[in-house]
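Enquirer: Compact mmCIF, C-alpha atoms, saved as my_file-v3.txt, coming up:
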# COMPACT_ATOMS: atom_id res chain seq x y z
CA MET A 1 36.04 5.99 -25.65
CA LYS A 2 39.04 5.03 -27.82
CA ALA A 3 41.50 7.74 -28.51
CA ALA A 4 45.15 7.88 -29.40
CA PRO A 5 47.47 8.15 -26.40
CA ASN A 6 48.71 11.56 -27.48
CA ASP A 7 45.13 12.81 -27.76
CA GLY A 8 44.09 12.11 -24.22
CA GLY A 9 43.81 8.32 -24.40
CA LEU A 10 44.94 8.01 -20.78
CA ILE A 11 42.17 10.33 -19.62
CA ALA A 12 39.61 8.34 -21.58
CA TYR A 13 40.99 5.04 -20.25
CA VAL A 14 40.83 6.17 -16.62
CA GLY A 15 37.29 7.39 -17.22
CA LEU A 16 36.36 4.03 -18.72
CA VAL A 17 37.73 2.15 -15.70
CA CYS A 18 35.78 4.45 -13.36
CA GLN A 19 32.66 3.94 -15.41
CA ILE A 20 33.05 0.15 -15.27
CA GLY A 21 33.49 0.40 -11.50
CA GLY A 22 30.34 2.51 -11.21
CA ALA A 23 28.35 0.04 -13.31
CA LEU A 24 29.58 -2.89 -11.19
CA LEU A 25 28.70 -0.95 -8.04
CA LEU A 26 25.15 -0.49 -9.32
CA VAL A 27 24.94 -4.19 -10.25
CA THR A 28 26.00 -5.10 -6.70
CA LEU A 29 23.48 -2.67 -5.20
CA PHE A 30 20.63 -4.02 -7.30
CA LEU A 31 21.57 -7.60 -6.38
CA LEU A 32 21.54 -6.67 -2.68
CA LEU A 33 18.05 -5.25 -3.12
CA ARG A 34 16.72 -8.29 -4.98
CA VAL A 35 14.64 -9.32 -1.94
CA HIS A 36 12.59 -6.13 -2.34
CA ALA A 37 12.33 -6.69 -6.10
CA ARG A 38 10.62 -10.09 -5.99
CA ARG A 39 7.23 -8.62 -6.81
CA ARG A 40 8.64 -5.72 -8.83
CA PRO A 41 9.72 -6.96 -12.25
CA TYR A 42 10.67 -3.47 -13.38
CA PHE A 43 13.51 -3.37 -10.84
CA ARG A 44 14.83 -6.77 -11.94
CA VAL A 45 14.85 -5.57 -15.54
CA TRP A 46 16.77 -2.45 -14.54
CA GLY A 47 19.26 -4.65 -12.67
CA ALA A 48 19.80 -6.71 -15.84
CA ALA A 49 20.35 -3.44 -17.73
CA TRP A 50 23.23 -2.48 -15.44
CA MET A 51 24.78 -5.92 -16.00
CA ALA A 52 24.59 -5.33 -19.74
CA ALA A 53 26.20 -1.90 -19.27
CA ALA A 54 29.07 -3.42 -17.28
CA ALA A 55 29.58 -6.06 -20.01
CA ALA A 56 29.59 -3.40 -22.74
CA LEU A 57 32.14 -1.23 -20.96
CA SER A 58 34.33 -4.19 -20.07
CA SER A 59 34.55 -5.24 -23.72
CA VAL A 60 36.04 -1.85 -24.65
CA THR A 61 39.07 -2.39 -22.41
CA ALA A 62 40.49 -4.67 -25.13
CA LEU A 63 41.08 -1.56 -27.25
CA TYR A 64 43.34 -0.16 -24.55
CA LEU A 65 44.99 -3.36 -23.35
CA ALA A 66 45.66 -4.63 -26.89
CA PRO A 67 46.50 -1.61 -29.04
CA GLY A 68 47.03 -3.81 -32.07
CA ALA A 69 43.37 -4.72 -32.02
CA SER A 70 42.21 -1.13 -32.52
CA GLY A 71 41.73 -1.43 -36.29
CA ALA A 72 38.53 -2.01 -38.14
CA GLY A 73 38.95 -5.75 -38.61
CA GLY A 74 39.93 -8.80 -36.58
CA GLY A 75 39.68 -8.32 -32.85
CA SER A 76 38.38 -4.78 -33.23
CA PHE A 77 35.29 -6.00 -35.04
CA ALA A 78 34.54 -8.35 -32.15
CA VAL A 79 34.99 -5.52 -29.66
CA PHE A 80 32.78 -3.19 -31.68
CA PHE A 81 30.10 -5.86 -31.94
CA LEU A 82 30.16 -6.76 -28.23
CA TYR A 83 30.14 -3.12 -27.17
CA GLN A 84 27.25 -2.22 -29.43
CA PHE A 85 25.28 -5.37 -28.64
CA PHE A 86 25.47 -4.98 -24.84
CA LYS A 87 24.91 -1.22 -25.04
CA LEU A 88 21.74 -1.76 -27.04
CA LEU A 89 20.62 -4.39 -24.53
CA TYR A 90 21.34 -1.90 -21.73
CA VAL A 91 19.26 0.82 -23.37
CA GLY A 92 16.45 -1.57 -24.30
CA LEU A 93 16.26 -3.05 -20.81
CA LEU A 94 16.14 0.39 -19.20
CA LEU A 95 13.26 1.31 -21.50
CA GLY A 96 11.53 -2.03 -20.83
CA GLY A 97 11.89 -1.66 -17.06
CA THR A 98 10.46 1.85 -17.23
CA LEU A 99 7.45 0.67 -19.25
CA ALA A 100 7.02 -2.22 -16.79
CA PHE A 101 6.81 0.29 -13.95
CA VAL A 102 4.58 2.78 -15.76
CA ARG A 103 2.22 0.43 -17.62
CA GLY A 104 2.98 -3.09 -16.37
CA VAL A 105 4.55 -4.19 -19.67
CA ARG A 106 5.87 -7.78 -19.48
CA MET A 107 9.48 -7.54 -20.58
CA ARG A 108 9.85 -11.31 -20.87
CA ARG A 109 7.79 -11.46 -24.05
CA TYR A 110 9.92 -8.77 -25.69
CA LEU A 111 13.32 -10.10 -24.60
CA GLY A 112 13.76 -12.34 -27.65
CA PRO A 113 13.03 -9.58 -30.18
CA LEU A 114 15.26 -7.18 -28.22
CA VAL A 115 18.19 -9.59 -28.37
CA GLY A 116 17.64 -10.24 -32.08
CA VAL A 117 17.35 -6.59 -33.07
CA SER A 118 20.34 -5.66 -30.89
CA ALA A 119 22.50 -8.37 -32.47
CA ALA A 120 21.50 -7.37 -36.02
CA TYR A 121 22.11 -3.67 -35.38
CA ALA A 122 25.42 -4.45 -33.66
CA LEU A 123 26.60 -6.55 -36.62
CA LEU A 124 25.70 -3.80 -39.09
CA SER A 125 27.29 -0.97 -37.12
CA ALA A 126 30.44 -2.97 -36.33
CA ALA A 127 30.89 -3.90 -39.99
CA LEU A 128 30.54 -0.26 -41.09
CA SER A 129 32.71 1.27 -38.36
CA ALA A 130 36.43 1.91 -38.64
CA ASP A 131 36.81 2.81 -34.96
CA LEU A 132 34.82 2.99 -31.74
CA ASN A 133 33.88 6.61 -32.33
CA ARG A 134 31.88 5.54 -35.37
CA VAL A 135 30.18 2.81 -33.29
CA VAL A 136 29.17 5.49 -30.78
CA VAL A 137 27.75 7.60 -33.61
CA TRP A 138 25.58 4.62 -34.58
CA HIS A 139 24.51 4.07 -30.99
CA ALA A 140 23.92 7.66 -29.84
CA PRO A 141 20.57 8.38 -31.60
CA VAL A 142 19.09 5.10 -30.33
CA ALA A 143 20.20 5.85 -26.77
CA ALA A 144 19.00 9.46 -26.94
CA ALA A 145 15.54 8.38 -28.16
CA ALA A 146 15.20 5.58 -25.58
CA PHE A 147 16.29 7.71 -22.61
CA THR A 148 14.01 10.54 -23.69
CA GLY A 149 11.12 8.06 -23.91
CA CYS A 150 11.87 6.86 -20.37
CA CYS A 151 11.91 10.48 -19.18
CA LEU A 152 8.56 11.31 -20.77
CA ALA A 153 6.96 8.12 -19.42
CA LEU A 154 7.98 8.86 -15.82
CA VAL A 155 7.46 12.62 -15.86
CA GLY A 156 4.04 12.12 -17.46
CA LEU A 157 2.71 9.94 -14.63
CA PRO A 158 -0.53 11.18 -13.02
CA ALA A 159 -0.27 13.23 -9.85
CA SER A 160 -1.26 10.24 -7.69
CA ARG A 161 1.88 8.41 -8.83
CA ALA A 162 4.25 11.36 -9.03
CA THR A 163 6.81 11.00 -6.23
CA LEU A 164 10.36 12.11 -5.55
CA GLY A 165 11.63 8.82 -6.96
CA THR A 166 9.64 8.97 -10.21
CA ARG A 167 10.44 12.64 -10.79
CA ALA A 168 14.16 12.24 -10.03
CA THR A 169 14.50 9.12 -12.17
CA GLY A 170 12.62 10.82 -15.00
CA VAL A 171 14.87 13.89 -14.82
CA PHE A 172 18.04 11.75 -14.84
CA PHE A 173 16.74 9.84 -17.84
CA GLY A 174 16.12 13.18 -19.56
CA MET A 175 19.67 14.31 -18.78
CA LEU A 176 21.04 11.08 -20.24
CA GLY A 177 18.92 11.59 -23.35
CA GLY A 178 20.27 15.09 -23.82
CA MET A 179 23.80 13.88 -23.17
CA TRP A 180 23.58 11.18 -25.84
CA ALA A 181 22.14 13.67 -28.31
CA LEU A 182 25.25 15.79 -27.65
CA TYR A 183 27.44 12.70 -28.10
CA ALA A 184 25.91 12.10 -31.52
CA VAL A 185 27.07 15.51 -32.63
CA ALA A 186 30.46 15.43 -30.85
CA PHE A 187 31.58 11.98 -32.03
CA ALA A 188 30.38 12.67 -35.56
CA GLY A 189 32.51 15.84 -35.51
CA VAL A 190 35.55 13.93 -34.28
CA GLU A 191 35.05 11.38 -37.07
CA ARG A 192 34.92 14.13 -39.69
CA GLY A 193 37.94 15.92 -38.26
CA VAL A 194 36.26 19.24 -37.56
CA ASP A 195 38.90 21.92 -36.87
CA GLY A 196 38.98 25.06 -34.81
CA LEU A 197 37.16 25.72 -31.58
CA PRO A 198 34.15 23.52 -32.45
CA GLY A 199 36.50 20.63 -33.13
CA GLU A 200 38.32 21.14 -29.83
CA MET A 201 35.04 21.17 -27.95
CA MET A 202 33.88 18.00 -29.70
CA ARG A 203 37.14 16.22 -28.88
CA ALA A 204 36.88 17.35 -25.26
CA VAL A 205 33.40 15.82 -25.07
CA ALA A 206 34.66 12.60 -26.68
CA PHE A 207 37.62 12.29 -24.30
CA HIS A 208 35.68 13.09 -21.12
CA ASN A 209 32.32 11.49 -21.84
CA SER A 210 33.03 8.55 -19.51
CA TYR A 211 33.11 10.84 -16.49
CA VAL A 212 29.77 12.43 -17.42
CA ASP A 213 28.35 8.94 -18.04
CA LEU A 214 29.55 7.82 -14.63
CA LEU A 215 27.94 10.75 -12.83
CA LEU A 216 24.59 10.44 -14.58
CA GLN A 217 24.49 6.66 -14.26
CA MET A 218 25.09 6.86 -10.52
CA LEU A 219 22.35 9.49 -10.23
CA LEU A 220 20.03 7.34 -12.30
CA GLY A 221 20.74 4.29 -10.14
CA TYR A 222 20.06 6.39 -7.03
CA GLY A 223 16.75 7.54 -8.47
CA MET A 224 15.77 3.93 -9.23
CA VAL A 225 16.56 2.82 -5.68
CA VAL A 226 14.51 5.70 -4.23
CA LEU A 227 11.64 4.71 -6.53
CA LEU A 228 11.89 1.10 -5.31
CA MET A 229 11.87 2.17 -1.66
CA GLU A 230 8.81 4.34 -2.25
CA ASP A 231 7.06 1.45 -3.94
CA ALA A 232 7.95 -0.87 -1.05
CA ARG A 233 6.74 1.74 1.44
CA ARG A 234 3.39 2.00 -0.34
CA GLU A 235 3.02 -1.76 -0.15
CA THR A 236 3.93 -1.71 3.53
CA ASP A 237 1.44 1.09 4.22
CA ALA A 238 -1.26 -0.85 2.38
CA ALA A 239 -0.46 -3.95 4.45
CA HIS A 240 -0.62 -1.92 7.66
CA ALA A 241 -3.97 -0.45 6.61
CA GLN A 242 -5.30 -3.93 5.88
CA LEU A 243 -4.05 -5.15 9.24
CA ALA A 244 -5.73 -2.19 10.91
CA VAL A 245 -9.02 -3.08 9.23
CA ALA A 246 -8.63 -6.70 10.28
CA HIS A 247 -7.76 -5.58 13.81
CA ASP A 248 -10.82 -3.35 13.96
CA HIS A 249 -12.98 -6.21 12.70
CA LEU A 250 -11.57 -8.60 15.30
CA GLN A 251 -11.96 -5.97 17.98
CA ARG A 252 -15.58 -5.48 16.98
CA LEU A 253 -16.15 -9.22 17.14
CA ALA A 254 -14.56 -9.28 20.58
CA LEU A 255 -16.25 -6.20 22.05
CA TYR A 256 -19.64 -6.10 20.32
CA ASP A 257 -22.61 -8.40 20.57
CA GLN A 258 -23.24 -9.73 17.07
CA LEU A 259 -27.00 -10.15 17.50
CA THR A 260 -27.94 -6.74 18.87
CA GLY A 261 -24.96 -4.63 17.79
CA THR A 262 -24.46 -3.37 21.35
CA LEU A 263 -21.25 -3.45 23.33
CA ASN A 264 -20.76 -6.57 25.40
CA ARG A 265 -19.67 -7.30 28.96
CA ARG A 266 -16.02 -7.66 27.94
CA ALA A 267 -16.11 -4.17 26.47
CA LEU A 268 -17.12 -2.72 29.82
CA ALA A 269 -14.39 -4.71 31.57
CA GLU A 270 -11.85 -3.14 29.18
CA GLY A 271 -13.27 0.34 29.71
CA VAL A 272 -14.69 0.72 26.20
CA GLY A 273 -17.37 3.41 26.09
CA THR A 274 -16.95 4.48 29.70
CA GLU A 275 -14.67 7.49 29.09
CA ALA A 276 -17.45 10.03 29.69
CA ALA A 277 -18.90 7.98 32.55
CA ARG A 278 -15.59 7.97 34.40
CA GLY A 279 -15.27 11.73 34.24
CA GLY A 280 -18.13 12.56 36.61
CA PHE A 281 -21.32 11.32 38.21
CA GLY A 282 -24.12 9.37 36.53
CA ALA A 283 -26.54 6.49 36.70
CA VAL A 284 -26.62 2.86 35.61
CA VAL A 285 -29.70 0.83 34.70
CA MET A 286 -29.91 -2.97 34.54
CA LEU A 287 -32.74 -4.42 32.42
CA ASP A 288 -33.89 -8.02 32.18
CA LEU A 289 -36.42 -9.33 29.62
CA ASP A 290 -38.99 -11.28 31.61
CA ASN A 291 -40.55 -13.02 28.62
CA LEU A 292 -37.49 -14.14 26.59
CA LYS A 293 -37.70 -17.76 27.77
CA VAL A 294 -41.42 -17.88 26.99
CA ALA A 295 -40.76 -16.46 23.49
CA ASN A 296 -38.03 -19.03 22.84
CA ASP A 297 -40.09 -21.96 24.13
CA THR A 298 -43.32 -20.93 22.42
CA TRP A 299 -42.32 -19.43 19.07
CA GLY A 300 -38.70 -20.53 18.72
CA HIS A 301 -35.32 -18.91 19.07
CA ALA A 302 -35.81 -16.76 15.96
CA THR A 303 -38.58 -14.95 17.85
CA GLY A 304 -36.34 -14.71 20.92
CA ASP A 305 -33.59 -13.15 18.82
CA ALA A 306 -36.05 -10.69 17.33
CA LEU A 307 -37.21 -9.78 20.84
CA LEU A 308 -33.61 -9.08 21.94
CA GLN A 309 -32.97 -6.96 18.84
CA ARG A 310 -36.14 -4.99 19.41
CA ALA A 311 -35.22 -4.37 23.06
CA ALA A 312 -31.80 -3.04 21.99
CA ASP A 313 -33.38 -0.76 19.37
CA VAL A 314 -35.89 0.66 21.82
CA LEU A 315 -33.23 1.31 24.45
CA ARG A 316 -30.91 2.98 21.93
CA ALA A 317 -33.74 5.24 20.77
CA ALA A 318 -34.48 6.27 24.35
CA THR A 319 -30.92 7.26 25.26
CA ARG A 320 -28.47 10.02 24.37
CA PRO A 321 -25.34 9.72 22.17
CA SER A 322 -23.17 9.89 25.29
CA ASP A 323 -24.99 6.95 26.92
CA ARG A 324 -23.68 3.42 26.45
CA LEU A 325 -25.70 0.23 26.04
CA TYR A 326 -24.20 -3.18 26.84
CA ARG A 327 -25.63 -6.65 26.47
CA TRP A 328 -24.80 -7.96 29.91
CA GLY A 329 -25.97 -11.53 29.58
CA GLY A 330 -28.48 -13.72 27.77
CA ASP A 331 -31.53 -11.51 28.41
CA GLU A 332 -29.93 -8.67 30.38
CA PHE A 333 -28.84 -5.22 29.24
CA LEU A 334 -26.84 -2.58 31.06
CA LEU A 335 -27.14 1.15 30.43
CA VAL A 336 -24.44 3.57 31.62
CA LEU A 337 -25.71 7.16 31.55
CA PRO A 338 -23.15 9.88 32.45
CA GLY A 339 -24.51 12.99 34.12
CA ALA A 340 -27.95 11.42 34.80
CA ARG A 341 -29.87 10.46 37.92
CA SER A 342 -31.63 7.14 38.41
CA GLU A 343 -34.89 8.70 39.63
CA GLU A 344 -35.16 10.60 36.33
CA VAL A 345 -33.90 7.88 34.01
CA LEU A 346 -35.92 4.92 35.25
CA PRO A 347 -39.42 6.38 34.56
CA ARG A 348 -38.26 7.58 31.13
CA LEU A 349 -37.10 4.11 30.14
CA GLU A 350 -40.26 2.46 31.44
CA ASP A 351 -42.35 4.91 29.41
CA ALA A 352 -40.25 4.20 26.31
CA LEU A 353 -40.84 0.46 26.67
CA SER A 354 -44.59 0.95 27.17
CA CYS A 355 -44.90 3.29 24.19
CA ALA A 356 -42.95 0.87 22.01
CA ASP A 357 -45.39 -1.93 22.88
CA ALA A 358 -48.33 0.30 22.04
CA GLU A 359 -47.03 0.62 18.49
CA LEU A 360 -47.17 -3.14 17.87
CA ASP A 361 -50.05 -4.57 15.91
CA PRO A 362 -52.15 -7.28 17.62
CA GLU A 363 -50.37 -10.13 15.82
CA GLU A 364 -46.94 -9.00 16.93
CA ARG A 365 -47.89 -8.03 20.45
CA GLY A 366 -48.02 -11.62 21.68
CA ARG A 367 -44.53 -12.37 20.39
CA LEU A 368 -42.58 -9.10 20.61
CA ARG A 369 -44.04 -7.35 23.63
CA LEU A 370 -41.27 -6.07 25.88
CA LEU A 371 -41.90 -7.33 29.40
CA ALA A 372 -38.90 -6.17 31.39
CA SER A 373 -37.67 -5.66 34.94
CA LEU A 374 -35.44 -2.65 35.60
CA GLY A 375 -33.11 -1.69 38.41
CA ALA A 376 -31.09 1.53 38.70
CA ALA A 377 -28.39 3.07 40.87
CA ASP A 378 -26.33 6.25 40.96
CA TYR A 379 -22.55 6.63 41.08
CA GLY A 380 -20.49 9.66 42.02
CA GLY A 381 -17.28 8.82 40.21
CA ALA A 382 -15.34 6.14 38.39
CA GLU A 383 -14.51 4.42 41.67
CA GLU A 384 -18.22 3.84 42.38
CA LEU A 385 -19.21 2.57 38.93
CA GLU A 386 -18.68 -1.13 39.64
CA GLU A 387 -20.58 -0.94 42.92
CA ALA A 388 -23.43 0.94 41.23
CA ILE A 389 -23.74 -1.87 38.67
CA ARG A 390 -24.04 -4.44 41.46
CA THR A 391 -26.65 -2.31 43.21
CA ALA A 392 -28.68 -1.90 40.00
CA ASP A 393 -28.44 -5.65 39.39
CA LEU A 394 -29.88 -6.39 42.83
CA ALA A 395 -32.62 -3.82 42.31
CA MET A 396 -33.49 -5.41 38.97
CA TYR A 397 -33.85 -8.87 40.58
CA GLU A 398 -36.09 -7.38 43.27
CA ALA A 399 -38.28 -5.84 40.56
CA LYS A 400 -38.35 -9.16 38.73
CA ALA A 401 -39.50 -10.97 41.88
CA LEU A 402 -42.29 -8.41 42.38
CA HIS A 403 -43.45 -8.91 38.79
CA LYS A 404 -43.62 -12.66 39.24
CA ARG A 405 -45.73 -12.33 42.38
CA ALA A 406 -47.98 -9.67 40.87
CA CYS A 407 -48.58 -11.26 37.45
CA PRO A 408 -49.29 -14.87 36.48
CA ALA A 409 -47.11 -16.56 33.87
CA PRO A 410 -47.96 -15.50 30.30
CA ASP A 411 -50.22 -17.76 28.25
CA PRO A 412 -47.85 -19.99 26.22
CA THR A 413 -50.42 -20.43 23.43
CA PRO A 414 -48.92 -18.97 20.23
CA ALA A 415 -50.62 -15.76 19.15
CA GLY A 416 -49.50 -16.08 15.57
CA PRO A 417 -47.18 -17.88 13.22
CA PRO A 418 -43.49 -18.15 14.14
CA LEU A 419 -41.17 -15.41 12.95
CA GLU A 420 -38.59 -15.96 10.26
CA PRO A 421 -35.04 -16.30 11.62
CA ALA A 422 -33.56 -12.93 12.53
CA SER A 423 -31.02 -11.62 10.08
Once you've parsed the file, please lay out its structure as structure tokens.
Expert:
Amino acid sequence: MKAAPNDGGLIAYVGLVCQIGGALLLVTLFLLLRVHARRRPYFRVWGAAWMAAAAALSSVTALYLAPGASGAGGGSFAVFFLYQFFKLLYVGLLLGGTLAFVRGVRMRRYLGPLVGVSAAYALLSAALSADLNRVVVWHAPVAAAAFTGCCLALVGLPASRATLGTRATGVFFGMLGGMWALYAVAFAGVERGVDGLPGEMMRAVAFHNSYVDLLLQMLLGYGMVVLLMEDARRETDAAHAQLAVAHDHLQRLALYDQLTGTLNRRALAEGVGTEAARGGFGAVVMLDLDNLKVANDTWGHATGDALLQRAADVLRAATRPSDRLYRWGGDEFLLVLPGARSEEVLPRLEDALSCADAELDPEERGRLRLLASLGAADYGGAEELEEAIRTADLAMYEAKALHKRACPAPDPTPAGPPLEPAS
């Protein structure tokens, strides 16, 4: 701040220039990061605060470049007003940006009142100040209260929002609040001409405050950038999670049959669900519903869909968690059963189908009875799985041909009212 040349004015002037450079550096950094701040109004408000800080510090240079303007009137009044006005805007915008981050406060609606109050306070303090030290005394309590409020708002965030960026920024705000409380005492002491050791300490604080300001402002700007990066990372993580959900949904649409909920033929081609099967021996079973066409033609496709769903449910209930069920075609299902043998599996599945039909009431039996042809084959390793599927498919068609020769076509007369469309 302003001081006579023989009282360390050069030290204060160099500190002021460094502080202006630091503020401009932060302005440049925040402008470079504006792409990341498009959906983060708090960061834009903080960027505007650093612009106001640079304007406030730049206005003080007139006191050093034009020594004749260092009095209470004339040009000094203008400097005092500009410094106080932009400093108050700086403090108010930092507080507004913090509240925007913590509680989503819309700074735009408070910008007009902030400008008006800052201008009125700046006019009053400039009119009642004989030098810049007195202006700082007017400004210090406001800054200390605002920075402390920012600190409490960030440090008081719930654990789910407490990050390195919020904690660091809150701590730096707290340090600035404590620093400005010290300035209030030090500059008031310099104004009153306190002597002795206390007076020397107060003058030392007044002459060197720009360097402390510079350090804490750079730390504060660093904390704000870390906070922005953390916020951007959370948004990116959320987008990745959403994409993962969408990918899983699309994968399910691609690999699962929507009607029965079973895996489809493409899933087998891509190796989905065959991990256990490829690790050892096992059996495959091909099943074809003999009466699906009759159900569709007689009672409608809703009944045919219900028949397919029922077949899938019965097969799932009759298999182990390690077994895999695929809808192979329109009315065909494929079962891959690791560690099983076809001569054991085939009778078990036939019994399961028969028992399931026995549970149907007479009205449903005509529509939802499971008439199926099954074929099975064994495989000794992953290399034999494809050939085993072809063998089971041939065996299933042979069983289907035997059924056609042994049994006449089912009576197409409806045995009851049509089913409602399957959900």
Enquirer: In Å, how far is it from atom CA of Glu364 of chain A to atom CA of Asn291 of chain A?
Expert: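 Straight-line distance from atom CA of Glu364 of chain A to atom CA of Asn291 of chain A works out to 13.9 Å.
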Enquirer: Which residues come within 10 Å of Gly189 of chain A, counting all atoms listed in the file, excluding same-chain residues fewer than 3 positions away, as a list in words?
Expert: Asn133, Val137, Tyr183, Ala184, Val185, Ala186, Arg192, Gly193, Val194, Asp195, Pro198, Gly199, Glu200, Met201, Met202, Arg203 and Ala206 of chain A
Enquirer: Neighbouring residues of segment 23-33 of chain A were defined as those with any atom within 12 Å, considering all atoms listed in the file; residues of the same chain fewer than 6 positions away were excluded. Please report them as a ChimeraX atom specification.
Expert: /A:16-17,39-40,42-58,90,210,213-226,228-229,232
Enquirer: So what do you get for atom CA of Leu243 of chain A versus atom CA of Leu255 of chain A, distance-wise?
Expert: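 The value is 17.7 Å.
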Enquirer: If you count all atoms listed in the file, which residues fall within 8 Å of Asp378 of chain A, apart from same-chain ones fewer than 4 positions away, as an mmCIF file with C-alpha atoms, in the frame of the given file?
Expert:
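Dumped everything to result35.cif:
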data_model
loop_
_atom_site.group_PDB
_atom_site.id
_atom_site.type_symbol
_atom_site.label_atom_id
_atom_site.label_comp_id
_atom_site.auth_asym_id
_atom_site.auth_seq_id
_atom_site.Cartn_x
_atom_site.Cartn_y
_atom_site.Cartn_z
ATOM 1 C CA PHE A 281 -21.320 11.320 38.210
ATOM 2 C CA GLY A 282 -24.120 9.370 36.530
ATOM 3 C CA ALA A 283 -26.540 6.490 36.700
ATOM 4 C CA VAL A 284 -26.620 2.860 35.610
ATOM 5 C CA ARG A 341 -29.870 10.460 37.920
ATOM 6 C CA SER A 342 -31.630 7.140 38.410
ATOM 7 C CA ALA A 388 -23.430 0.940 41.230
#
Enquirer: Using all atoms listed in the file, which of the listed residues (A:Lys293, A:Arg324, A:Arg234, A:His208) sits closest to Val272 of chain A?
Expert: A:Arg324
Enquirer: Considering only C-alpha atoms, can you say which of A:Ala168, A:Leu94, A:Ala377, A:Tyr121 comes closest to Ala392 of chain A?
Expert: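 The closest residue to Ala392 of chain A is A:Ala377.
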Enquirer: Near Gly178 of chain A, counting all atoms listed in the file, which residues have an atom at most 9 Å away, once you skip same-chain residues fewer than 6 positions from it, shown as a ChimeraX atom specification?
Expert: /A:144,147-148
Enquirer: Please indicate the distance in Å from atom CA of Ser125 of chain A to atom CA of Phe86 of chain A, rounded to one decimal place.
Expert: 13.0 Å
Enquirer: What lies within 12 Å of Thr319 of chain A using all atoms listed in the file, ignoring chain neighbours under 5 positions off, as JSON, numbers by chain?
Expert: {"A": [285, 312, 313, 314, 324, 325, 335, 336, 337, 338, 340, 345, 346, 348, 349, 352]}
Enquirer: May I have the selected residues written with C-alpha atoms, as a compact mmCIF listing (two decimals), in the frame of the given file?
Expert:
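Output file selection-v6.txt follows:
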# COMPACT_ATOMS: atom_id res chain seq x y z
CA VAL A 285 -29.70 0.83 34.70
CA ALA A 312 -31.80 -3.04 21.99
CA ASP A 313 -33.38 -0.76 19.37
CA VAL A 314 -35.89 0.66 21.82
CA ARG A 324 -23.68 3.42 26.45
CA LEU A 325 -25.70 0.23 26.04
CA LEU A 335 -27.14 1.15 30.43
CA VAL A 336 -24.44 3.57 31.62
CA LEU A 337 -25.71 7.16 31.55
CA PRO A 338 -23.15 9.88 32.45
CA ALA A 340 -27.95 11.42 34.80
CA VAL A 345 -33.90 7.88 34.01
CA LEU A 346 -35.92 4.92 35.25
CA ARG A 348 -38.26 7.58 31.13
CA LEU A 349 -37.10 4.11 30.14
CA ALA A 352 -40.25 4.20 26.31
Enquirer: Take every atom of segment 130-148 of chain A listed in the file, fit an axis-aligned box around them, add 6 Å per side, and give the centre and edge lengths in Å to one decimal as lines of an AutoDock Vina configuration file.
Expert:
center_x = 25.4
center_y = 6.2
center_z = -30.6
size_x = 34.8
size_y = 20.6
size_z = 28.0
Enquirer: With distances taken over only C-alpha atoms, which residue among A:Gly273, A:Gly375, A:Gly22, A:Gly177 lies nearest Ala140 of chain A?
Expert: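 Nearest to Ala140 of chain A: A:Gly177.
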Enquirer: Nearest to Val171 of chain A: which of A:Ala238, A:Leu152, A:Leu157, A:Leu268 is it, counting all atoms listed in the file?
Expert: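 Among the listed residues, A:Leu152 lies closest to Val171 of chain A.
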Enquirer: Since the input is missing atoms, can you rebuild N, CA and C atoms for segment 29-38 of chain A and write them as a short mmCIF file (atom, residue, chain, number, x, y, z; two decimals), in the coordinates of the input?
Expert:
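File written: part31.cif
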data_model
loop_
_atom_site.label_atom_id
_atom_site.label_comp_id
_atom_site.auth_asym_id
_atom_site.auth_seq_id
_atom_site.Cartn_x
_atom_site.Cartn_y
_atom_site.Cartn_z
N LEU A 29 24.57 -3.27 -5.97
CA LEU A 29 23.48 -2.67 -5.20
C LEU A 29 22.14 -3.29 -5.57
N PHE A 30 21.91 -3.46 -6.86
CA PHE A 30 20.63 -4.02 -7.30
C PHE A 30 20.50 -5.48 -6.88
N LEU A 31 21.62 -6.21 -6.85
CA LEU A 31 21.57 -7.60 -6.38
C LEU A 31 21.26 -7.64 -4.88
N LEU A 32 21.82 -6.72 -4.12
CA LEU A 32 21.54 -6.67 -2.68
C LEU A 32 20.07 -6.35 -2.39
N LEU A 33 19.45 -5.64 -3.30
CA LEU A 33 18.05 -5.25 -3.12
C LEU A 33 17.08 -6.22 -3.79
N ARG A 34 17.58 -7.38 -4.23
CA ARG A 34 16.72 -8.29 -4.98
C ARG A 34 15.56 -8.82 -4.14
N VAL A 35 15.74 -8.85 -2.81
CA VAL A 35 14.64 -9.32 -1.94
C VAL A 35 13.43 -8.40 -2.09
N HIS A 36 13.68 -7.09 -2.20
CA HIS A 36 12.59 -6.13 -2.34
C HIS A 36 12.02 -6.12 -3.75
N ALA A 37 12.74 -6.74 -4.70
CA ALA A 37 12.33 -6.69 -6.10
C ALA A 37 11.58 -7.95 -6.54
N ARG A 38 11.26 -8.82 -5.61
CA ARG A 38 10.62 -10.09 -5.99
C ARG A 38 9.28 -9.86 -6.68
#
